[in-house]
$ cat entry_2.tsv   # TSV, C-alpha atoms
chain	number	residue	atom	x	y	z
F	1	MET	CA	4.64	21.53	2.62
F	2	ASN	CA	5.86	19.96	-0.59
F	3	MET	CA	3.08	18.73	-2.85
F	4	LYS	CA	4.96	15.87	-4.47
F	5	SER	CA	7.99	13.63	-4.20
F	6	GLU	CA	9.82	10.95	-6.13
F	7	VAL	CA	9.19	7.25	-6.15
F	8	ASP	CA	12.03	4.90	-7.14
F	9	PHE	CA	11.36	1.61	-8.84
F	10	ILE	CA	12.92	-1.25	-6.87
F	11	GLY	CA	11.98	-4.12	-9.16
F	12	VAL	CA	9.66	-5.32	-11.90
F	13	VAL	CA	7.00	-7.95	-12.58
F	14	LYS	CA	8.77	-10.35	-14.96
F	15	SER	CA	5.86	-12.65	-15.66
F	16	SER	CA	2.29	-12.76	-14.51
F	17	GLY	CA	-0.43	-15.38	-14.26
F	18	GLU	CA	-1.63	-17.53	-11.39
F	19	PHE	CA	2.00	-17.50	-10.30
F	20	SER	CA	4.06	-14.39	-10.97
F	21	ARG	CA	7.76	-13.74	-10.93
F	22	VAL	CA	8.87	-10.49	-9.35
F	23	VAL	CA	12.50	-9.50	-9.79
F	24	ILE	CA	14.04	-7.08	-7.32
F	25	PHE	CA	16.87	-5.02	-8.82
F	26	PRO	CA	20.37	-5.99	-7.58
F	27	ARG	CA	20.88	-2.74	-5.68
F	28	PHE	CA	17.81	-3.44	-3.50
F	29	CYS	CA	18.27	-7.19	-3.12
F	30	VAL	CA	19.94	-6.85	0.28
F	31	GLY	CA	16.54	-5.70	1.56
F	32	LEU	CA	15.06	-9.18	1.15
F	33	PRO	CA	16.61	-11.37	3.91
F	34	GLY	CA	13.98	-12.54	6.39
F	35	LEU	CA	11.09	-12.09	4.00
F	36	ASP	CA	10.89	-15.84	3.46
F	37	ASN	CA	9.68	-16.23	7.05
F	38	PHE	CA	6.36	-14.73	5.99
F	39	SER	CA	3.79	-16.77	4.09
F	40	HIS	CA	2.17	-13.66	2.61
F	41	ILE	CA	3.42	-10.25	1.56
F	42	VAL	CA	1.99	-6.95	0.39
F	43	ILE	CA	3.23	-5.84	-2.99
F	44	LEU	CA	2.93	-2.19	-3.95
F	45	TYR	CA	3.43	-1.73	-7.66
F	46	TRP	CA	3.31	1.12	-10.11
F	47	ILE	CA	0.49	0.88	-12.64
F	48	HIS	CA	2.77	2.24	-15.35
F	49	LEU	CA	0.18	1.89	-18.14
F	50	ARG	CA	-2.01	4.42	-16.31
F	51	ASP	CA	0.78	6.84	-15.44
F	52	ASN	CA	-0.47	9.69	-17.61
F	53	GLU	CA	-2.35	12.92	-17.09
F	54	THR	CA	-5.77	11.61	-18.10
F	55	GLU	CA	-5.74	8.54	-15.88
F	56	ARG	CA	-4.20	10.41	-12.96
F	57	ASN	CA	-6.99	12.96	-13.16
F	58	THR	CA	-9.68	10.30	-13.01
F	59	LEU	CA	-11.55	10.85	-9.74
F	60	GLN	CA	-14.76	8.92	-10.28
F	61	VAL	CA	-15.25	5.50	-11.83
F	62	VAL	CA	-17.82	2.78	-12.42
F	63	PRO	CA	-16.05	-0.43	-11.31
F	64	ARG	CA	-16.98	-2.40	-14.44
F	65	ARG	CA	-15.58	-5.74	-13.35
F	66	HIS	CA	-18.21	-5.71	-10.61
F	67	PRO	CA	-21.67	-6.07	-12.16
F	68	GLY	CA	-24.13	-3.58	-10.72
F	69	ALA	CA	-21.51	-1.33	-9.13
F	70	PRO	CA	-22.53	2.32	-8.97
F	71	GLN	CA	-20.32	5.25	-9.90
F	72	VAL	CA	-18.02	5.93	-6.95
F	73	GLY	CA	-15.02	8.05	-6.10
F	74	VAL	CA	-11.73	6.39	-7.08
F	75	PHE	CA	-10.74	6.20	-3.43
F	76	ALA	CA	-13.80	4.01	-2.82
F	77	SER	CA	-12.57	1.64	-5.54
F	78	ARG	CA	-9.48	-0.33	-6.46
F	79	SER	CA	-9.49	1.19	-9.94
F	80	PRO	CA	-6.07	1.34	-11.61
F	81	SER	CA	-6.91	4.88	-12.76
F	82	ARG	CA	-6.21	7.15	-9.80
F	83	PRO	CA	-4.11	10.18	-8.84
F	84	ASN	CA	-1.15	8.01	-7.89
F	85	PRO	CA	-1.13	4.82	-9.97
F	86	ILE	CA	-0.27	2.57	-7.05
F	87	GLY	CA	-1.53	-1.00	-7.01
F	88	LEU	CA	-1.74	-2.94	-3.76
F	89	CYS	CA	-1.96	-6.70	-3.71
F	90	VAL	CA	-1.75	-9.23	-0.90
F	91	VAL	CA	-0.11	-12.34	-2.29
F	92	GLU	CA	1.15	-15.70	-1.13
F	93	LEU	CA	4.93	-15.92	-1.21
F	94	ALA	CA	5.79	-19.32	-2.69
F	95	LYS	CA	9.57	-18.97	-2.69
F	96	ILE	CA	12.50	-16.63	-3.11
F	97	GLU	CA	15.49	-17.47	-5.29
F	98	GLU	CA	18.21	-14.85	-5.02
F	99	CYS	CA	16.47	-11.64	-6.11
F	100	THR	CA	13.38	-13.26	-7.58
F	101	LEU	CA	10.12	-13.70	-5.70
F	102	PHE	CA	7.62	-16.32	-6.84
F	103	VAL	CA	4.18	-15.23	-5.70
F	104	LYS	CA	0.61	-16.41	-6.11
F	105	GLY	CA	-2.30	-14.11	-6.84
F	106	LEU	CA	-0.59	-10.94	-8.06
F	107	ASP	CA	-2.93	-8.83	-10.19
F	108	ALA	CA	-0.20	-6.71	-11.81
F	109	PHE	CA	0.68	-6.86	-15.49
F	110	GLU	CA	4.05	-8.00	-16.72
F	111	GLY	CA	6.39	-5.02	-16.84
F	112	SER	CA	4.84	-3.21	-13.86
F	113	PRO	CA	7.51	-1.62	-11.68
F	114	ILE	CA	7.59	-2.56	-8.00
F	115	ILE	CA	7.78	0.28	-5.48
F	116	ASP	CA	7.63	-1.55	-2.14
F	117	ILE	CA	7.35	-4.97	-0.53
F	118	LYS	CA	6.01	-5.35	3.00
F	119	PRO	CA	5.50	-8.40	5.18
F	120	TYR	CA	1.84	-9.27	5.76
F	121	ILE	CA	1.12	-9.28	9.48
F	122	PRO	CA	-2.40	-10.49	10.34
F	123	ARG	CA	-2.70	-8.60	13.60
F	124	ALA	CA	-2.18	-5.35	11.69
F	125	ASP	CA	-3.55	-6.21	8.26
F	126	SER	CA	-6.32	-8.78	8.63
F	127	VAL	CA	-9.89	-7.62	9.30
F	128	PRO	CA	-12.08	-10.57	8.24
F	129	GLU	CA	-15.29	-8.89	9.35
F	130	ALA	CA	-14.78	-5.54	7.63
F	131	ARG	CA	-18.02	-4.21	6.15
F	132	VAL	CA	-18.19	-3.66	2.39
F	133	PRO	CA	-20.93	-2.68	-0.05
F	134	GLU	CA	-22.63	-5.54	-1.83
F	135	TRP	CA	-21.16	-4.83	-5.29
F	136	THR	CA	-17.68	-5.78	-4.10
F	137	SER	CA	-18.83	-9.38	-3.69
F	138	ARG	CA	-19.46	-9.77	-7.43
F	139	GLY	CA	-16.61	-10.29	-9.91
F	140	PRO	CA	-12.92	-10.53	-9.01
F	141	PRO	CA	-11.71	-9.65	-5.48
F	142	THR	CA	-10.55	-6.16	-6.48
H	1	MET	CA	12.00	1.31	-18.59
H	2	ASN	CA	11.92	4.46	-16.45
H	3	MET	CA	13.49	4.02	-13.05
H	4	LYS	CA	11.36	6.51	-11.18
H	5	SER	CA	8.17	8.54	-11.29
H	6	GLU	CA	6.36	11.21	-9.37
H	7	VAL	CA	3.98	10.82	-6.48
H	8	ASP	CA	1.43	13.58	-5.77
H	9	PHE	CA	0.23	14.31	-2.28
H	10	ILE	CA	-3.56	14.09	-2.10
H	11	GLY	CA	-4.03	15.03	1.54
H	12	VAL	CA	-2.42	15.26	4.94
H	13	VAL	CA	-2.71	13.83	8.46
H	14	LYS	CA	-4.08	16.78	10.46
H	15	SER	CA	-4.00	15.19	13.89
H	16	SER	CA	-2.97	11.81	15.17
H	17	GLY	CA	-3.70	9.70	18.20
H	18	GLU	CA	-6.12	6.87	18.83
H	19	PHE	CA	-8.37	8.73	16.42
H	20	SER	CA	-6.77	10.66	13.58
H	21	ARG	CA	-8.07	13.30	11.23
H	22	VAL	CA	-7.06	12.98	7.61
H	23	VAL	CA	-7.85	15.89	5.30
H	24	ILE	CA	-8.07	15.27	1.59
H	25	PHE	CA	-7.17	18.33	-0.49
H	26	PRO	CA	-10.15	20.01	-2.23
H	27	ARG	CA	-9.00	19.03	-5.71
H	28	PHE	CA	-9.16	15.31	-4.81
H	29	CYS	CA	-12.27	15.41	-2.64
H	30	VAL	CA	-14.53	14.27	-5.47
H	31	GLY	CA	-12.74	10.91	-5.20
H	32	LEU	CA	-14.35	10.16	-1.84
H	33	PRO	CA	-18.05	9.39	-2.52
H	34	GLY	CA	-18.91	5.80	-1.66
H	35	LEU	CA	-16.00	5.36	0.72
H	36	ASP	CA	-18.34	5.62	3.70
H	37	ASN	CA	-19.86	2.27	2.71
H	38	PHE	CA	-16.68	0.59	3.91
H	39	SER	CA	-15.96	0.08	7.59
H	40	HIS	CA	-12.20	-0.11	7.01
H	41	ILE	CA	-9.81	1.50	4.57
H	42	VAL	CA	-6.16	1.24	3.62
H	43	ILE	CA	-4.24	4.46	3.96
H	44	LEU	CA	-0.98	4.88	2.08
H	45	TYR	CA	0.99	7.79	3.43
H	46	TRP	CA	4.34	9.37	2.78
H	47	ILE	CA	6.77	9.10	5.66
H	48	HIS	CA	8.05	12.59	4.98
H	49	LEU	CA	10.43	12.67	7.96
H	50	ARG	CA	12.38	9.80	6.36
H	51	ASP	CA	12.36	11.18	2.83
H	52	ASN	CA	16.10	11.75	2.62
H	53	GLU	CA	19.05	10.00	1.05
H	54	THR	CA	20.25	8.24	4.21
H	55	GLU	CA	16.89	6.76	5.17
H	56	ARG	CA	16.05	5.83	1.59
H	57	ASN	CA	19.31	3.94	1.33
H	58	THR	CA	18.58	1.91	4.47
H	59	LEU	CA	18.22	-1.69	3.34
H	60	GLN	CA	18.62	-3.63	6.58
H	61	VAL	CA	17.17	-2.88	9.99
H	62	VAL	CA	16.72	-4.28	13.48
H	63	PRO	CA	13.00	-3.75	14.24
H	64	ARG	CA	13.62	-2.23	17.67
H	65	ARG	CA	10.00	-1.96	18.72
H	66	HIS	CA	9.85	-5.76	18.61
H	67	PRO	CA	12.03	-7.18	21.41
H	68	GLY	CA	14.27	-9.97	20.19
H	69	ALA	CA	13.85	-9.19	16.50
H	70	PRO	CA	16.87	-10.08	14.40
H	71	GLN	CA	18.41	-7.86	11.73
H	72	VAL	CA	16.33	-8.26	8.57
H	73	GLY	CA	16.01	-6.70	5.16
H	74	VAL	CA	13.74	-3.64	5.13
H	75	PHE	CA	11.29	-5.44	2.88
H	76	ALA	CA	10.85	-8.04	5.64
H	77	SER	CA	9.94	-5.25	8.05
H	78	ARG	CA	7.52	-2.37	8.36
H	79	SER	CA	10.38	0.02	9.09
H	80	PRO	CA	9.70	3.64	8.10
H	81	SER	CA	13.23	3.81	6.68
H	82	ARG	CA	13.03	2.23	3.23
H	83	PRO	CA	13.76	3.05	-0.42
H	84	ASN	CA	10.30	4.56	-0.90
H	85	PRO	CA	9.04	6.04	2.38
H	86	ILE	CA	5.53	4.66	1.99
H	87	GLY	CA	3.54	3.76	5.08
H	88	LEU	CA	0.60	1.37	4.85
H	89	CYS	CA	-2.03	1.23	7.54
H	90	VAL	CA	-5.38	-0.55	7.74
H	91	VAL	CA	-7.71	1.64	9.78
H	92	GLU	CA	-11.30	1.77	10.87
H	93	LEU	CA	-13.21	4.55	9.17
H	94	ALA	CA	-15.32	6.23	11.84
H	95	LYS	CA	-16.86	8.95	9.70
H	96	ILE	CA	-16.37	11.34	6.82
H	97	GLU	CA	-17.28	15.02	7.03
H	98	GLU	CA	-16.83	16.75	3.70
H	99	CYS	CA	-13.13	16.24	2.91
H	100	THR	CA	-12.08	15.03	6.35
H	101	LEU	CA	-11.79	11.38	7.33
H	102	PHE	CA	-11.92	10.40	10.99
H	103	VAL	CA	-10.09	7.11	11.39
H	104	LYS	CA	-9.05	4.84	14.21
H	105	GLY	CA	-5.64	3.20	14.45
H	106	LEU	CA	-3.55	5.25	12.02
H	107	ASP	CA	0.15	5.01	12.84
H	108	ALA	CA	1.21	8.08	10.84
H	109	PHE	CA	2.55	11.28	12.39
H	110	GLU	CA	0.74	14.57	12.11
H	111	GLY	CA	1.85	16.32	8.94
H	112	SER	CA	2.38	13.13	6.94
H	113	PRO	CA	1.16	13.53	3.36
H	114	ILE	CA	-1.41	11.04	2.08
H	115	ILE	CA	-0.73	9.40	-1.28
H	116	ASP	CA	-3.65	6.99	-1.68
H	117	ILE	CA	-6.80	5.72	0.00
H	118	LYS	CA	-8.23	2.32	-0.87
H	119	PRO	CA	-11.29	0.47	0.38
H	120	TYR	CA	-10.47	-2.57	2.52
H	121	ILE	CA	-12.02	-5.66	0.97
H	122	PRO	CA	-11.65	-8.80	3.14
H	123	ARG	CA	-11.78	-11.28	0.31
H	124	ALA	CA	-8.73	-9.59	-1.22
H	125	ASP	CA	-6.97	-8.22	1.84
H	126	SER	CA	-7.70	-10.46	4.82
H	127	VAL	CA	-5.50	-13.50	5.46
H	128	PRO	CA	-6.05	-14.31	9.15
H	129	GLU	CA	-3.87	-17.42	9.07
H	130	ALA	CA	-0.83	-15.90	7.37
H	131	ARG	CA	2.40	-17.22	8.84
H	132	VAL	CA	4.76	-14.73	10.47
H	133	PRO	CA	8.01	-15.04	12.44
H	134	GLU	CA	7.66	-15.01	16.20
H	135	TRP	CA	9.23	-11.57	16.74
H	136	THR	CA	6.28	-9.86	15.03
H	137	SER	CA	4.02	-10.94	17.90
H	138	ARG	CA	5.93	-8.81	20.42
H	139	GLY	CA	5.46	-5.04	20.62
H	140	PRO	CA	3.06	-3.00	18.46
H	141	PRO	CA	1.34	-4.57	15.43
H	142	THR	CA	3.82	-3.10	12.95
$ encode --input "entry_2.tsv" --output "structure tokens"
Amino acid sequence: MNMKSEVDFIGVVKSSGEFSRVVIFPRFCVGLPGLDNFSHIVILYWIHLRDNETERNTLQVVPRRHPGAPQVGVFASRSPSRPNPIGLCVVELAKIEECTLFVKGLDAFEGSPIIDIKPYIPRADSVPEARVPEWTSRGPPT
Amino acid sequence: MNMKSEVDFIGVVKSSGEFSRVVIFPRFCVGLPGLDNFSHIVILYWIHLRDNETERNTLQVVPRRHPGAPQVGVFASRSPSRPNPIGLCVVELAKIEECTLFVKGLDAFEGSPIIDIKPYIPRADSVPEARVPEWTSRGPPT
């Protein structure tokens, strides 16, 4: 079994804020038709500012944006420091203009590469009653 | 801007079915504490059987498991053929024994490498009312 592979960047976060602009590179733009039939999408992005040996070797964290959170394993957190610096964010898709997506609620920084876009499908992705530890209810959603 | 990076495999799907066993490699096992406080997790896996030039250059698909689905861009589908062969699955976490996760509902094949595990947090990840096209309601969830 191989122990690694390559991830290609398919786009980039052009601006961020309450509304963000995500530009898909021309070569991958033909992968977008039909996406506008979904109100929400999952964006997987590359946390490029943490793509270094130190951050990728971080295996335990104290989620500081969540007051009172204990030290936990990175896989029990949404910390941007993790073995593969992949960010996952469910966002509202406001509109698509050519190769640019306008989305609401993206937590990625400007300049973050995009590695995948998936349609959000409630019957697969929505679990309103999922149980979480109490510290996740304080501070921002992730 | 770099156009690619490296993804490290942190574990592997050891068996699949209604319940699946996911083994995290020893080196990454210290990233698991606290995960058992979540009832659901997001598993990102590497669709290794599609990690080749042809499948990674697939940009439009007809989602055949969904009767009546039109041809759409891959980013408007959950097709395993896509530029980065990343699978995303929300699963119920039944239990953790040392470095092995027992999960319910994983759609990955046995032998698929794992690239990330994230806790499922409803206030970030659950959008029960998200709008989807009608074809997604036929066939399996993804």
$ residues_around --input "entry_2.tsv" --residues "stretch 97-114 of chain F" --least-positions-apart "2" --cutoff "8 Å" --atoms "only C-alpha atoms" --output "VMD selection string"
chain F and resid 9 to 26 29 32 43 to 48 87 89 to 95 116 to 117
$ interface_residues --input "entry_2.tsv" --of "chain H" --to "chain F" --cutoff "7 Å" --atoms "only C-alpha atoms" --output "count of residues only"
47
$ calpha_fit_and_write --input "entry_2.tsv" --fixed "chain H" --moving "chain F" --output "short mmCIF file (atom, residue, chain, number, x, y, z; two decimals) with C-alpha atoms, keeping the file's coordinate frame"
data_model
loop_
_atom_site.label_atom_id
_atom_site.label_comp_id
_atom_site.auth_asym_id
_atom_site.auth_seq_id
_atom_site.Cartn_x
_atom_site.Cartn_y
_atom_site.Cartn_z
CA MET F 1 12.01 1.32 -18.60
CA ASN F 2 11.92 4.44 -16.47
CA MET F 3 13.49 4.01 -13.05
CA LYS F 4 11.35 6.51 -11.18
CA SER F 5 8.16 8.54 -11.30
CA GLU F 6 6.34 11.22 -9.37
CA VAL F 7 3.98 10.82 -6.48
CA ASP F 8 1.43 13.57 -5.78
CA PHE F 9 0.24 14.30 -2.28
CA ILE F 10 -3.56 14.09 -2.11
CA GLY F 11 -4.03 15.03 1.54
CA VAL F 12 -2.41 15.26 4.95
CA VAL F 13 -2.71 13.84 8.47
CA LYS F 14 -4.08 16.79 10.46
CA SER F 15 -4.00 15.19 13.88
CA SER F 16 -2.97 11.82 15.17
CA GLY F 17 -3.70 9.71 18.22
CA GLU F 18 -6.13 6.88 18.84
CA PHE F 19 -8.38 8.75 16.42
CA SER F 20 -6.77 10.66 13.58
CA ARG F 21 -8.08 13.30 11.24
CA VAL F 22 -7.06 12.98 7.61
CA VAL F 23 -7.84 15.89 5.32
CA ILE F 24 -8.07 15.27 1.60
CA PHE F 25 -7.17 18.33 -0.48
CA PRO F 26 -10.15 20.01 -2.22
CA ARG F 27 -9.01 19.03 -5.70
CA PHE F 28 -9.16 15.31 -4.79
CA CYS F 29 -12.28 15.41 -2.63
CA VAL F 30 -14.54 14.26 -5.46
CA GLY F 31 -12.74 10.91 -5.20
CA LEU F 32 -14.34 10.16 -1.83
CA PRO F 33 -18.05 9.39 -2.52
CA GLY F 34 -18.90 5.79 -1.66
CA LEU F 35 -16.00 5.35 0.71
CA ASP F 36 -18.34 5.62 3.69
CA ASN F 37 -19.86 2.27 2.72
CA PHE F 38 -16.67 0.59 3.90
CA SER F 39 -15.96 0.07 7.59
CA HIS F 40 -12.20 -0.11 7.02
CA ILE F 41 -9.81 1.49 4.57
CA VAL F 42 -6.16 1.23 3.61
CA ILE F 43 -4.24 4.46 3.96
CA LEU F 44 -0.98 4.87 2.08
CA TYR F 45 0.99 7.79 3.42
CA TRP F 46 4.34 9.37 2.77
CA ILE F 47 6.78 9.09 5.67
CA HIS F 48 8.05 12.60 4.97
CA LEU F 49 10.43 12.67 7.96
CA ARG F 50 12.37 9.79 6.37
CA ASP F 51 12.36 11.18 2.84
CA ASN F 52 16.10 11.75 2.61
CA GLU F 53 19.06 10.00 1.06
CA THR F 54 20.25 8.25 4.21
CA GLU F 55 16.90 6.76 5.18
CA ARG F 56 16.04 5.83 1.60
CA ASN F 57 19.30 3.93 1.34
CA THR F 58 18.58 1.91 4.46
CA LEU F 59 18.22 -1.70 3.34
CA GLN F 60 18.62 -3.63 6.57
CA VAL F 61 17.17 -2.87 9.99
CA VAL F 62 16.72 -4.29 13.47
CA PRO F 63 13.01 -3.75 14.23
CA ARG F 64 13.61 -2.24 17.68
CA ARG F 65 9.98 -1.95 18.72
CA HIS F 66 9.87 -5.74 18.61
CA PRO F 67 12.03 -7.16 21.41
CA GLY F 68 14.27 -9.96 20.18
CA ALA F 69 13.84 -9.19 16.48
CA PRO F 70 16.88 -10.08 14.39
CA GLN F 71 18.42 -7.87 11.72
CA VAL F 72 16.33 -8.26 8.57
CA GLY F 73 16.01 -6.70 5.15
CA VAL F 74 13.74 -3.63 5.15
CA PHE F 75 11.29 -5.44 2.89
CA ALA F 76 10.86 -8.05 5.64
CA SER F 77 9.94 -5.26 8.06
CA ARG F 78 7.52 -2.37 8.34
CA SER F 79 10.37 0.02 9.09
CA PRO F 80 9.70 3.64 8.12
CA SER F 81 13.24 3.79 6.69
CA ARG F 82 13.05 2.23 3.24
CA PRO F 83 13.75 3.05 -0.41
CA ASN F 84 10.30 4.55 -0.89
CA PRO F 85 9.04 6.04 2.38
CA ILE F 86 5.54 4.66 2.00
CA GLY F 87 3.54 3.76 5.08
CA LEU F 88 0.60 1.37 4.85
CA CYS F 89 -2.03 1.22 7.54
CA VAL F 90 -5.38 -0.55 7.74
CA VAL F 91 -7.70 1.63 9.78
CA GLU F 92 -11.30 1.77 10.87
CA LEU F 93 -13.21 4.55 9.16
CA ALA F 94 -15.33 6.23 11.85
CA LYS F 95 -16.87 8.96 9.70
CA ILE F 96 -16.36 11.34 6.82
CA GLU F 97 -17.28 15.01 7.01
CA GLU F 98 -16.81 16.76 3.69
CA CYS F 99 -13.12 16.23 2.91
CA THR F 100 -12.09 15.03 6.34
CA LEU F 101 -11.81 11.38 7.32
CA PHE F 102 -11.94 10.39 10.99
CA VAL F 103 -10.09 7.11 11.38
CA LYS F 104 -9.05 4.83 14.21
CA GLY F 105 -5.64 3.21 14.46
CA LEU F 106 -3.55 5.26 12.03
CA ASP F 107 0.16 5.02 12.85
CA ALA F 108 1.21 8.10 10.84
CA PHE F 109 2.54 11.28 12.40
CA GLU F 110 0.75 14.57 12.12
CA GLY F 111 1.85 16.32 8.94
CA SER F 112 2.38 13.12 6.93
CA PRO F 113 1.16 13.52 3.36
CA ILE F 114 -1.41 11.04 2.07
CA ILE F 115 -0.72 9.40 -1.29
CA ASP F 116 -3.66 7.00 -1.67
CA ILE F 117 -6.80 5.72 0.01
CA LYS F 118 -8.22 2.31 -0.87
CA PRO F 119 -11.28 0.47 0.37
CA TYR F 120 -10.47 -2.57 2.52
CA ILE F 121 -12.01 -5.66 0.97
CA PRO F 122 -11.65 -8.79 3.14
CA ARG F 123 -11.79 -11.28 0.30
CA ALA F 124 -8.73 -9.61 -1.23
CA ASP F 125 -6.97 -8.22 1.83
CA SER F 126 -7.70 -10.45 4.82
CA VAL F 127 -5.50 -13.50 5.47
CA PRO F 128 -6.06 -14.32 9.16
CA GLU F 129 -3.89 -17.42 9.04
CA ALA F 130 -0.84 -15.89 7.35
CA ARG F 131 2.40 -17.22 8.83
CA VAL F 132 4.78 -14.75 10.48
CA PRO F 133 8.01 -15.05 12.44
CA GLU F 134 7.65 -15.01 16.20
CA TRP F 135 9.22 -11.56 16.75
CA THR F 136 6.28 -9.87 15.04
CA SER F 137 4.02 -10.94 17.90
CA ARG F 138 5.93 -8.81 20.41
CA GLY F 139 5.45 -5.03 20.62
CA PRO F 140 3.07 -2.98 18.46
CA PRO F 141 1.35 -4.56 15.42
CA THR F 142 3.83 -3.07 12.93
#
$ atom_distance --input "entry_2.tsv" --atom1 "atom CA of F:His66" --atom2 "atom CA of F:Pro80"
14.1 Å
$ residues_near_point --input "entry_2.tsv" --point "(-16.3, -6.7, -12.9)" --cutoff "8 Å" --atoms "only C-alpha atoms" --output "list in words"
Pro63, Arg64, Arg65, His66, Pro67, Arg138, Gly139 and Pro140 of chain F
$ write_last_selection --input "entry_2.tsv" --atoms "C-alpha atoms" --output "PDB file, keeping the file's coordinate frame"
ATOM      1  CA  PRO F  63     -16.050  -0.430 -11.310  1.00  0.00           C
ATOM      2  CA  ARG F  64     -16.980  -2.400 -14.440  1.00  0.00           C
ATOM      3  CA  ARG F  65     -15.580  -5.740 -13.350  1.00  0.00           C
ATOM      4  CA  HIS F  66     -18.210  -5.710 -10.610  1.00  0.00           C
ATOM      5  CA  PRO F  67     -21.670  -6.070 -12.160  1.00  0.00           C
ATOM      6  CA  ARG F 138     -19.460  -9.770  -7.430  1.00  0.00           C
ATOM      7  CA  GLY F 139     -16.610 -10.290  -9.910  1.00  0.00           C
ATOM      8  CA  PRO F 140     -12.920 -10.530  -9.010  1.00  0.00           C
TER       9      PRO F 140
END
$ axis_aligned_box --input "entry_2.tsv" --around "stretch 13-21 of chain H" --padding-each-side "4 Å" --output "lines of an AutoDock Vina configuration file"
center_x = -5.5
center_y = 11.8
center_z = 13.6
size_x = 13.7
size_y = 17.9
size_z = 18.4
$ atom_distance --input "entry_2.tsv" --atom1 "atom CA of H:Ala69" --atom2 "atom CA of H:Thr54"
22.3 Å
$ atom_distance --input "entry_2.tsv" --atom1 "atom CA of F:Ser81" --atom2 "atom CA of F:Arg50"
6.1 Å
$ build_atoms --input "entry_2.tsv" --residues "stretch 112-127 of chain F" --atoms "N, CA and C atoms" --output "mmCIF file, keeping the file's coordinate frame"
data_model
loop_
_atom_site.group_PDB
_atom_site.id
_atom_site.type_symbol
_atom_site.label_atom_id
_atom_site.label_comp_id
_atom_site.auth_asym_id
_atom_site.auth_seq_id
_atom_site.Cartn_x
_atom_site.Cartn_y
_atom_site.Cartn_z
ATOM 1 N N SER F 112 5.156 -4.213 -14.888
ATOM 2 C CA SER F 112 4.840 -3.210 -13.860
ATOM 3 C C SER F 112 6.011 -3.057 -12.901
ATOM 4 N N PRO F 113 6.456 -1.831 -12.677
ATOM 5 C CA PRO F 113 7.510 -1.620 -11.680
ATOM 6 C C PRO F 113 6.990 -1.892 -10.269
ATOM 7 N N ILE F 114 7.894 -2.354 -9.419
ATOM 8 C CA ILE F 114 7.590 -2.560 -8.000
ATOM 9 C C ILE F 114 8.106 -1.349 -7.224
ATOM 10 N N ILE F 115 7.303 -0.864 -6.265
ATOM 11 C CA ILE F 115 7.780 0.280 -5.480
ATOM 12 C C ILE F 115 7.977 -0.057 -3.994
ATOM 13 N N ASP F 116 7.370 -1.135 -3.522
ATOM 14 C CA ASP F 116 7.630 -1.550 -2.140
ATOM 15 C C ASP F 116 7.127 -2.969 -1.933
ATOM 16 N N ILE F 117 7.766 -3.633 -0.991
ATOM 17 C CA ILE F 117 7.350 -4.970 -0.530
ATOM 18 C C ILE F 117 7.260 -4.859 0.988
ATOM 19 N N LYS F 118 6.153 -5.346 1.543
ATOM 20 C CA LYS F 118 6.010 -5.350 3.000
ATOM 21 C C LYS F 118 5.554 -6.724 3.458
ATOM 22 N N PRO F 119 5.996 -7.136 4.648
ATOM 23 C CA PRO F 119 5.500 -8.400 5.180
ATOM 24 C C PRO F 119 4.034 -8.250 5.582
ATOM 25 N N TYR F 120 3.244 -9.280 5.347
ATOM 26 C CA TYR F 120 1.840 -9.270 5.760
ATOM 27 C C TYR F 120 1.753 -9.778 7.189
ATOM 28 N N ILE F 121 1.204 -8.952 8.059
ATOM 29 C CA ILE F 121 1.120 -9.280 9.480
ATOM 30 C C ILE F 121 -0.353 -9.250 9.892
ATOM 31 N N PRO F 122 -0.953 -10.441 10.104
ATOM 32 C CA PRO F 122 -2.400 -10.490 10.340
ATOM 33 C C PRO F 122 -2.890 -9.557 11.440
ATOM 34 N N ARG F 123 -2.128 -9.408 12.508
ATOM 35 C CA ARG F 123 -2.700 -8.600 13.600
ATOM 36 C C ARG F 123 -2.773 -7.123 13.229
ATOM 37 N N ALA F 124 -2.061 -6.720 12.189
ATOM 38 C CA ALA F 124 -2.180 -5.350 11.690
ATOM 39 C C ALA F 124 -3.058 -5.277 10.445
ATOM 40 N N ASP F 125 -3.010 -6.318 9.619
ATOM 41 C CA ASP F 125 -3.550 -6.210 8.260
ATOM 42 C C ASP F 125 -4.825 -7.007 7.998
ATOM 43 N N SER F 126 -5.183 -7.904 8.907
ATOM 44 C CA SER F 126 -6.320 -8.780 8.630
ATOM 45 C C SER F 126 -7.561 -8.340 9.413
ATOM 46 N N VAL F 127 -8.611 -7.997 8.688
ATOM 47 C CA VAL F 127 -9.890 -7.620 9.300
ATOM 48 C C VAL F 127 -10.980 -8.407 8.574
#
